[in-house]
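Text of model35.csv, listed as CSV, C-alpha atoms:
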```
chain,number,residue,atom,x,y,z
A,1,MET,CA,-83.5,117.9,-3.4
A,2,THR,CA,-81.3,115.2,-5.0
A,3,GLN,CA,-78.3,116.1,-7.1
A,4,PRO,CA,-79.2,116.6,-10.8
A,5,ASN,CA,-77.1,113.7,-11.9
A,6,ILE,CA,-78.7,111.2,-9.5
A,7,GLN,CA,-81.0,108.8,-11.2
A,8,LEU,CA,-84.1,107.4,-9.4
A,9,ASN,CA,-85.5,103.9,-10.0
A,10,GLU,CA,-89.1,102.9,-10.6
A,11,HIS,CA,-89.7,103.2,-6.9
A,12,GLY,CA,-88.5,106.8,-6.8
A,13,ILE,CA,-85.2,106.1,-4.9
A,14,PRO,CA,-81.6,106.3,-6.0
A,15,SER,CA,-79.2,103.4,-6.0
A,16,PHE,CA,-77.5,102.5,-2.7
A,17,ASP,CA,-74.2,103.2,-4.5
A,18,ASP,CA,-75.3,106.8,-5.0
A,19,LEU,CA,-75.5,107.4,-1.2
A,20,PRO,CA,-74.9,109.9,0.2
A,21,LEU,CA,-76.8,112.0,-2.2
A,22,ARG,CA,-74.6,115.0,-1.5
A,23,LYS,CA,-71.0,114.1,-1.0
A,24,GLN,CA,-70.6,116.6,1.9
A,25,ASP,CA,-73.3,114.8,3.9
A,26,PRO,CA,-72.8,112.0,6.4
A,27,MET,CA,-72.2,108.3,5.6
A,28,LEU,CA,-74.9,106.8,3.3
A,29,SER,CA,-77.4,109.6,4.0
A,30,ALA,CA,-80.4,110.3,1.7
A,31,TRP,CA,-81.0,113.9,2.9
A,32,GLY,CA,-83.1,115.9,0.5
A,33,LEU,CA,-84.7,112.9,-1.3
A,34,TYR,CA,-88.1,114.0,-0.2
A,35,GLY,CA,-87.3,117.7,0.4
A,36,PRO,CA,-85.4,119.6,3.0
A,37,ASP,CA,-88.3,119.7,5.5
A,38,ASP,CA,-89.4,116.1,5.2
A,39,GLU,CA,-90.1,114.2,8.5
A,40,LEU,CA,-91.5,110.9,7.1
A,41,GLY,CA,-88.3,109.5,5.7
A,42,THR,CA,-88.8,106.0,4.3
A,43,LEU,CA,-92.4,106.1,5.3
A,44,ASN,CA,-92.9,108.1,2.1
A,45,ARG,CA,-92.7,104.7,0.4
A,46,LEU,CA,-96.1,103.8,1.9
A,47,THR,CA,-98.2,105.4,-0.8
A,48,ASP,CA,-101.9,105.1,-0.7
A,49,GLU,CA,-101.7,102.7,-3.7
A,50,ARG,CA,-99.2,100.4,-1.9
A,51,VAL,CA,-101.2,100.3,1.3
A,52,ALA,CA,-104.5,99.6,-0.6
A,53,SER,CA,-102.8,96.8,-2.6
A,54,ALA,CA,-101.3,95.3,0.6
A,55,ALA,CA,-104.7,95.4,2.4
A,56,LYS,CA,-106.4,93.7,-0.6
A,57,LYS,CA,-103.8,91.0,-0.8
A,58,GLU,CA,-103.0,90.3,2.9
A,59,ILE,CA,-106.3,90.7,4.8
A,60,GLN,CA,-108.0,87.4,4.2
A,61,THR,CA,-109.5,86.2,7.5
A,62,GLY,CA,-109.7,89.3,9.7
A,63,ALA,CA,-107.7,87.6,12.5
A,64,ARG,CA,-105.8,90.2,14.5
A,65,ILE,CA,-102.6,89.7,16.5
A,66,SER,CA,-101.1,92.4,18.8
A,67,MET,CA,-97.4,92.9,18.8
A,68,ASN,CA,-97.4,95.2,21.8
A,69,TRP,CA,-95.4,94.1,24.9
A,70,PRO,CA,-97.1,95.3,28.1
A,71,LEU,CA,-96.1,98.8,29.0
A,72,ASN,CA,-95.1,97.4,32.5
A,73,ALA,CA,-93.4,94.3,31.2
A,74,GLN,CA,-90.0,95.4,32.7
A,75,LYS,CA,-91.1,95.6,36.3
A,76,LYS,CA,-87.9,96.0,38.3
A,77,GLY,CA,-85.4,97.5,35.9
A,78,SER,CA,-84.8,98.0,32.2
A,79,PHE,CA,-82.1,97.9,29.6
A,80,PHE,CA,-80.5,101.2,28.7
A,81,ALA,CA,-81.5,102.6,32.1
A,82,ARG,CA,-85.0,103.7,31.0
A,83,ARG,CA,-87.6,104.6,33.6
A,84,ILE,CA,-90.0,101.8,34.1
A,85,PHE,CA,-93.8,102.1,33.9
A,86,HIS,CA,-95.7,103.5,36.9
A,87,GLN,CA,-99.4,103.7,37.4
A,88,ASP,CA,-101.2,106.0,39.9
A,89,LEU,CA,-104.8,104.7,40.4
A,90,PHE,CA,-107.2,106.8,42.4
A,91,ALA,CA,-110.9,106.8,43.1
A,92,LYS,CA,-113.1,109.9,42.7
A,93,PRO,CA,-115.8,109.7,45.4
A,94,PRO,CA,-118.6,110.1,46.0
A,95,ARG,CA,-119.1,108.8,42.4
A,96,THR,CA,-118.3,105.3,41.4
A,97,VAL,CA,-115.5,106.5,39.2
A,98,ASN,CA,-111.7,105.9,38.9
A,99,ASP,CA,-109.0,107.7,37.0
A,100,ASP,CA,-105.3,106.8,36.6
A,101,VAL,CA,-102.1,108.5,35.6
A,102,TRP,CA,-99.3,106.7,33.7
A,103,THR,CA,-95.7,107.7,33.9
A,104,PHE,CA,-93.2,105.9,31.6
A,105,ASN,CA,-90.3,106.2,29.2
A,106,SER,CA,-91.6,106.0,25.6
A,107,GLN,CA,-88.8,103.4,25.0
A,108,GLY,CA,-89.4,101.2,28.0
A,109,SER,CA,-91.5,98.6,26.1
A,110,SER,CA,-92.5,98.1,22.5
A,111,GLN,CA,-91.5,101.2,20.6
A,112,TRP,CA,-90.8,103.0,17.4
A,113,ASP,CA,-87.6,105.0,17.6
A,114,GLY,CA,-88.3,108.4,16.2
A,115,LEU,CA,-86.1,110.7,14.2
A,116,ARG,CA,-85.2,112.7,17.4
A,117,HIS,CA,-83.7,109.7,19.1
A,118,PHE,CA,-80.4,108.8,17.5
A,119,GLY,CA,-78.2,111.0,15.3
A,120,TYR,CA,-74.9,110.7,13.5
A,121,GLN,CA,-72.5,110.6,16.5
A,122,LYS,CA,-69.4,112.1,14.8
A,123,GLU,CA,-71.3,114.9,13.0
A,124,LYS,CA,-73.8,115.4,15.8
A,125,VAL,CA,-76.8,115.8,13.5
A,126,PHE,CA,-80.1,114.1,13.0
A,127,TYR,CA,-82.3,113.3,9.9
A,128,ASN,CA,-82.0,116.1,7.2
A,129,GLY,CA,-79.3,117.9,9.2
A,130,VAL,CA,-81.4,118.7,12.2
A,131,THR,CA,-79.2,119.6,15.2
A,132,MET,CA,-79.6,119.2,19.0
A,133,GLU,CA,-80.1,123.0,19.1
A,134,ASP,CA,-83.0,122.7,16.6
A,135,ILE,CA,-84.6,120.0,18.7
A,136,HIS,CA,-84.2,121.7,22.1
A,137,GLY,CA,-84.9,125.2,20.8
A,138,VAL,CA,-88.0,127.2,20.2
A,139,ASP,CA,-89.7,128.3,17.0
A,140,GLU,CA,-90.4,131.8,15.7
A,141,ARG,CA,-93.4,132.0,18.0
A,142,GLY,CA,-91.4,131.1,21.0
A,143,GLU,CA,-93.0,127.6,21.3
A,144,LYS,CA,-91.0,124.4,21.7
A,145,SER,CA,-89.7,123.0,18.5
A,146,THR,CA,-91.4,119.9,17.1
A,147,VAL,CA,-89.0,119.3,14.2
A,148,ASN,CA,-88.5,115.6,13.5
A,149,GLY,CA,-91.1,114.8,16.2
A,150,ILE,CA,-93.0,111.5,16.3
A,151,GLN,CA,-96.3,113.3,15.5
A,152,ALA,CA,-95.5,113.1,11.8
A,153,TRP,CA,-95.6,109.3,11.7
A,154,ALA,CA,-98.2,106.7,11.0
A,155,GLU,CA,-97.3,103.2,9.7
A,156,LYS,CA,-99.0,100.6,7.5
A,157,GLY,CA,-97.1,97.6,6.1
A,158,ILE,CA,-97.1,94.0,5.1
A,159,SER,CA,-94.0,91.9,5.7
A,160,GLU,CA,-92.5,89.8,8.5
A,161,ALA,CA,-89.4,87.6,8.7
A,162,ARG,CA,-88.4,85.6,11.7
A,163,HIS,CA,-85.4,83.6,12.9
A,164,THR,CA,-84.7,81.8,16.1
A,165,GLY,CA,-81.8,80.0,17.8
A,166,PHE,CA,-79.5,82.9,18.7
A,167,ASP,CA,-77.9,83.5,22.1
A,168,ALA,CA,-80.0,86.5,23.2
A,169,PHE,CA,-77.7,88.1,25.7
A,170,THR,CA,-74.4,88.0,23.8
A,171,THR,CA,-73.2,90.4,21.0
A,172,THR,CA,-74.3,88.0,18.3
A,173,PRO,CA,-74.8,89.4,14.8
A,174,ILE,CA,-77.7,88.1,12.8
A,175,PRO,CA,-76.3,87.8,9.2
A,176,LEU,CA,-78.2,89.0,6.2
A,177,ASP,CA,-77.8,85.5,4.7
A,178,ASP,CA,-79.8,84.0,7.6
A,179,LEU,CA,-82.6,86.5,7.0
A,180,LYS,CA,-82.7,85.7,3.3
A,181,ALA,CA,-82.6,81.9,4.0
A,182,CYS,CA,-85.5,82.3,6.4
A,183,LEU,CA,-87.6,84.1,3.9
A,184,ALA,CA,-86.8,81.5,1.3
A,185,GLU,CA,-87.7,78.7,3.6
A,186,GLN,CA,-91.0,80.4,4.4
A,187,ARG,CA,-91.6,81.2,0.7
A,188,THR,CA,-92.2,84.8,1.6
A,189,ASP,CA,-91.7,87.4,-1.2
A,190,VAL,CA,-90.4,90.8,-0.3
A,191,HIS,CA,-92.2,93.8,-1.9
A,192,PHE,CA,-90.9,97.4,-2.0
A,193,GLY,CA,-92.3,99.3,1.0
A,194,ASP,CA,-92.7,96.3,3.3
A,195,ILE,CA,-92.1,96.5,7.0
A,196,LEU,CA,-89.6,93.8,8.1
A,197,LEU,CA,-90.0,92.2,11.5
A,198,ILE,CA,-87.3,90.0,12.9
A,199,ARG,CA,-88.0,87.5,15.7
A,200,SER,CA,-84.6,86.6,17.4
A,201,GLY,CA,-86.0,84.7,20.3
A,202,TRP,CA,-85.0,87.4,22.8
A,203,MET,CA,-88.4,87.6,24.4
A,204,VAL,CA,-88.3,83.9,25.2
A,205,ALA,CA,-84.8,84.2,26.7
A,206,TYR,CA,-85.9,87.2,28.7
A,207,ALA,CA,-89.0,85.4,30.1
A,208,ALA,CA,-86.7,82.5,31.2
A,209,LYS,CA,-84.5,84.7,33.3
A,210,SER,CA,-85.0,85.3,37.0
A,211,GLU,CA,-85.3,88.9,38.4
A,212,ASP,CA,-81.8,88.6,39.8
A,213,GLU,CA,-80.4,87.3,36.5
A,214,LEU,CA,-82.1,90.2,34.6
A,215,ALA,CA,-80.7,92.7,37.2
A,216,VAL,CA,-77.2,91.5,36.5
A,217,LEU,CA,-77.6,91.7,32.8
A,218,GLN,CA,-79.1,95.2,33.0
A,219,SER,CA,-76.2,96.4,35.2
A,220,GLU,CA,-73.5,95.2,32.8
A,221,LEU,CA,-72.4,98.0,30.5
A,222,PRO,CA,-72.3,98.0,27.6
A,223,HIS,CA,-75.3,95.6,27.3
A,224,LYS,CA,-74.6,92.6,25.2
A,225,LEU,CA,-77.5,91.9,22.8
A,226,VAL,CA,-78.2,89.8,19.8
A,227,GLY,CA,-79.3,91.8,16.7
A,228,LEU,CA,-78.8,92.6,13.1
A,229,GLU,CA,-75.2,92.6,11.8
A,230,GLN,CA,-73.6,96.0,11.0
A,231,SER,CA,-72.8,95.7,7.3
A,232,GLU,CA,-73.2,97.6,4.2
A,233,GLU,CA,-74.8,94.5,2.7
A,234,MET,CA,-77.5,94.6,5.4
A,235,LEU,CA,-78.0,98.3,4.9
A,236,CYS,CA,-78.3,97.9,1.1
A,237,TRP,CA,-81.0,95.3,1.4
A,238,ILE,CA,-83.0,97.4,3.8
A,239,TRP,CA,-82.6,100.5,1.6
A,240,GLU,CA,-83.7,98.6,-1.5
A,241,ASN,CA,-86.8,97.0,0.0
A,242,PHE,CA,-88.3,98.3,3.3
A,243,SER,CA,-90.1,101.3,4.8
A,244,ALA,CA,-89.4,100.3,8.4
A,245,VAL,CA,-87.6,97.5,10.3
A,246,ALA,CA,-88.3,96.1,13.8
A,247,GLY,CA,-87.3,93.3,16.1
A,248,ASP,CA,-88.1,91.7,19.5
A,249,GLN,CA,-85.0,92.9,21.4
A,250,PRO,CA,-83.9,96.3,22.9
A,251,SER,CA,-81.5,97.5,20.2
A,252,LEU,CA,-82.5,95.9,16.8
A,253,GLU,CA,-78.8,95.6,15.9
A,254,CYS,CA,-76.3,93.5,17.8
A,255,TRP,CA,-74.9,95.5,20.7
A,256,PRO,CA,-72.4,96.9,21.2
A,257,THR,CA,-71.8,97.7,17.5
A,258,GLN,CA,-69.0,95.8,15.8
A,259,LYS,CA,-68.1,98.7,13.6
A,260,ASN,CA,-67.1,102.4,14.1
A,261,TRP,CA,-70.7,103.2,13.1
A,262,SER,CA,-74.2,101.8,14.0
A,263,LEU,CA,-77.3,100.9,12.0
A,264,HIS,CA,-79.2,103.4,14.2
A,265,GLU,CA,-77.1,106.3,12.7
A,266,ILE,CA,-77.8,105.3,9.0
A,267,LEU,CA,-81.4,104.2,9.4
A,268,LEU,CA,-82.7,107.0,11.7
A,269,ALA,CA,-80.5,109.9,10.9
A,270,GLY,CA,-79.5,109.1,7.4
A,271,TRP,CA,-82.8,107.8,5.9
A,272,GLY,CA,-85.5,108.6,8.4
A,273,CYS,CA,-86.3,104.8,8.6
A,274,PRO,CA,-88.3,103.9,11.7
A,275,ILE,CA,-86.7,101.3,14.0
A,276,GLY,CA,-89.0,99.2,16.1
A,277,GLU,CA,-87.7,97.5,19.3
A,278,LEU,CA,-89.1,95.1,21.9
A,279,PHE,CA,-92.0,94.1,19.6
A,280,HIS,CA,-93.7,91.0,21.2
A,281,LEU,CA,-93.7,88.5,18.3
A,282,GLU,CA,-94.3,85.2,20.0
A,283,LYS,CA,-98.1,85.0,19.4
A,284,LEU,CA,-97.5,86.3,15.9
A,285,ALA,CA,-95.0,83.5,15.3
A,286,GLU,CA,-97.5,80.9,16.5
A,287,LYS,CA,-100.2,82.3,14.2
A,288,CYS,CA,-97.8,82.4,11.2
A,289,ALA,CA,-96.8,78.8,11.8
A,290,ALA,CA,-100.4,77.7,12.1
A,291,GLU,CA,-101.4,79.6,8.9
A,292,LYS,CA,-98.2,78.7,7.1
A,293,ARG,CA,-97.9,82.2,5.9
A,294,TRP,CA,-95.4,84.9,7.1
A,295,SER,CA,-96.8,88.0,5.4
A,296,PHE,CA,-99.8,90.0,6.7
A,297,PHE,CA,-101.1,93.5,6.9
A,298,VAL,CA,-99.7,95.7,9.6
A,299,THR,CA,-101.3,98.8,11.1
A,300,SER,CA,-99.5,101.0,13.6
A,301,GLU,CA,-100.5,104.4,15.0
A,302,PRO,CA,-97.8,106.1,17.1
A,303,CYS,CA,-99.0,108.4,19.8
A,304,ASN,CA,-99.7,111.9,18.6
A,305,VAL,CA,-97.2,113.7,20.8
A,306,GLU,CA,-95.7,116.9,19.3
A,307,GLY,CA,-92.0,116.7,19.5
A,308,GLY,CA,-92.0,113.1,20.8
A,309,VAL,CA,-88.7,111.2,20.6
A,310,ALA,CA,-90.3,107.7,20.4
A,311,SER,CA,-93.7,106.1,20.9
A,312,PRO,CA,-95.4,102.8,21.8
A,313,PRO,CA,-96.3,101.4,18.3
A,314,ASN,CA,-100.0,100.5,19.0
A,315,ILE,CA,-99.4,97.8,16.3
A,316,LEU,CA,-101.6,95.0,15.0
A,317,ALA,CA,-101.0,92.3,12.4
A,318,ILE,CA,-104.1,91.5,10.4
A,319,PHE,CA,-104.4,88.2,8.5
```
Would you give me this structure, written as structure tokens?
Amino acid sequence: MTQPNIQLNEHGIPSFDDLPLRKQDPMLSAWGLYGPDDELGTLNRLTDERVASAAKKEIQTGARISMNWPLNAQKKGSFFARRIFHQDLFAKPPRTVNDDVWTFNSQGSSQWDGLRHFGYQKEKVFYNGVTMEDIHGVDERGEKSTVNGIQAWAEKGISEARHTGFDAFTTTPIPLDDLKACLAEQRTDVHFGDILLIRSGWMVAYAAKSEDELAVLQSELPHKLVGLEQSEEMLCWIWENFSAVAGDQPSLECWPTQKNWSLHEILLAGWGCPIGELFHLEKLAEKCAAEKRWSFFVTSEPCNVEGGVASPPNILAIF
């Protein structure tokens, strides 16, 4: 639980300045806010009341836009050396029947990074102090541990912000001021518990590259990617407003990190905040421009895999 002297605001969270909640815990962590065994993190902000209110406000026409990049979109290679999608298709004679088997890395296309994915690198711990030994161990019944697994998650949210014009394949930080300016230009209000989606234009740049050009970029280590700036101001804004944050490129934040810490550490391991990557936002951007509205209802159901590290988002925007 939180320290007795920590005050919570009307949304049930402490001030950013009060993080970490326990001074012995890692940088800016909020461990214990929702209890020692919590596996939802900032998804606790998506109360039934907030979801119902968002649905009532945002669902107006029923139009639905998928944000799922094809599972096999990266056909020859991938960023961060992840196994690409493979399908085995086979007939089942004498019946007129087919089956198939899919093999893929859960982070090879559109994905939610789960709480098992990225920990505090110096302290070597994940959300709420979970260790590598906890994740790779067995429980009291001798079964594989599922602690911090993706099975605990389901997302519903309402907010999207977009920005274009960045050089996708350089370490280009997207500043907080640009995001705020974009929201202001769109006249989009932010509400506590929203899901923030950032369109950087990475997908457009990716589609314009040849296979040979992509192979070169994928072989260069560390990868150089546009993404959110690493700053405490960015973290404070996310903490004060959002239940999850996602983008259209492979790392969400600019890569490699420009600090001695990364957003992944704070968001995933510190707060239990879902990170979405490789969301396909181009059709959504077209719909937003046509409707002249950049907020909508989002429904996402991660795959129910006990102990999963990440998952395709299975995500829709509903207008």
Near region 79-85 of chain A, 10 Å: region 181-255 of chain A residue rows, closest pairs, only C-alpha atoms, as a tab-separated table:
```
residue	atom	partner	partner_atom	distance
A:Leu214	CA	A:Phe79	CA	9.2
A:Ala215	CA	A:Phe79	CA	9.3
A:Leu217	CA	A:Phe79	CA	8.3
A:Gln218	CA	A:Phe79	CA	5.3
A:Ser219	CA	A:Phe79	CA	8.3
A:Glu220	CA	A:Phe79	CA	9.6
A:Leu221	CA	A:Phe80	CA	8.9
A:Pro222	CA	A:Phe80	CA	8.9
A:His223	CA	A:Phe79	CA	7.5
A:Pro250	CA	A:Phe79	CA	7.1
A:Ser251	CA	A:Phe80	CA	9.3
```
Residue neighbourhood Tyr127 (chain A), 9 Å, only C-alpha atoms, exclusion window fewer than 3 positions, as a list of chain:residue names |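 Near neighbours after the sequence-gap exclusion: A:Ser29, A:Ala30, A:Trp31, A:Asp38, A:Glu39, A:Gly41, A:Leu115, A:Arg116, A:Gly119, A:Tyr120, A:Val130, A:Thr131, A:Asn148, A:Leu268, A:Ala269, A:Gly270, A:Trp271, A:Gly272.
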Looking at A:Leu197, A:Ala310, A:Glu253, A:Arg293, which one is nearest to Gln60 (chain A), with distances taken over only C-alpha atoms?
-> A:Arg293
Return as JSON the box centre and box size in Å, one decimal, for an axis-aligned box around all listed atoms of region 103-121 of chain A padded by 5 Å per side.
```
{"center_x": -84.1, "center_y": 105.4, "center_z": 23.7, "size_x": 33.2, "size_y": 24.6, "size_z": 30.4}
```
Length of the CA of Lys283 (chain A) to CA of Ile150 (chain A) vector [Å] | 27.2 Å
From the set A:Ala289, A:Val216, A:Leu228, A:Val147, which residue has the shortest atom-to-atom contact distance to His264 (chain A), counting all atoms listed in the file?
->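 Nearest candidate to His264 (chain A) out of A:Ala289, A:Val216, A:Leu228, A:Val147: A:Leu228.
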Using all atoms listed in the file: which of A:Arg141, A:Lys76, A:Arg187, A:Lys224 has the shortest distance to Lys292 (chain A) |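 The answer is A:Arg187, which sits nearest to Lys292 (chain A).
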Contacts of Glu306 (chain A) at 8 Å (all atoms listed in the file; same-chain gap of 6+ positions) as a ChimeraX atom specification = /A:146,149-151
Provide the CA of Leu176 (chain A) to CA of Phe118 (chain A) distance in Å, to one decimal place.
-> 22.9 Å
Select, from A:Thr257, A:Ser243, A:Asn44, A:Thr96, the residue with the minimum atom-to-atom distance to Cys273 (chain A), counting only C-alpha atoms.
-> A:Ser243
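If you count only C-alpha atoms and ignore residues fewer than 6 places along the chain from region 101-112 of chain A, what sits within 8 Å of it is Asn68, Trp69, Pro70, Leu71, Asn72, Ala73, Gln74, Ser78, Arg82, Arg83, Ile84, Phe85, His86, Gln87, Asp88, Leu89, Pro274, Ile275, Gly276, Glu277, Leu278, Phe279, His280, Pro302, Val309, Ala310, Ser311, Pro312 and Pro313 of chain A.
Taking all atoms listed in the file into account, Ala317 (chain A) lies nearest to A:Ile65 out of the set A:Ile65, A:Val226, A:Leu235, A:Leu43.
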Give as a list in words each residue that has an atom at most 10 Å from (-89.1, 103.0, -7.5) in the file, counting only C-alpha atoms.
-> Leu8, Asn9, Glu10, His11, Gly12, Ile13, Pro14, Arg45, Phe192, Gly193, Glu240 and Asn241 of chain A
Atom-to-atom span, CA of Leu281 (chain A) and CA of Ile198 (chain A), Å |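 Atom-to-atom, CA of Leu281 (chain A) to CA of Ile198 (chain A), that is 8.5 Å.
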Lys259 (chain A) surroundings by all atoms listed in the file, 9 Å radius, close-in-sequence under 2 positions cut, as a short mmCIF file (atom, residue, chain, number, x, y, z; two decimals) with C-alpha atoms, in the coordinates of the input:
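selection-v5.cif written:
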```cif
data_model
loop_
_atom_site.label_atom_id
_atom_site.label_comp_id
_atom_site.auth_asym_id
_atom_site.auth_seq_id
_atom_site.Cartn_x
_atom_site.Cartn_y
_atom_site.Cartn_z
CA GLN A 230 -73.60 96.00 11.00
CA SER A 231 -72.80 95.70 7.30
CA PRO A 256 -72.40 96.90 21.20
CA THR A 257 -71.80 97.70 17.50
CA TRP A 261 -70.70 103.20 13.10
CA SER A 262 -74.20 101.80 14.00
#
```
Would you mind telling me which residue in A:Arg50, A:Lys144, A:Lys56, A:Arg95 lies nearest to Ile318 (chain A) when using all atoms listed in the file?
-> A:Lys56
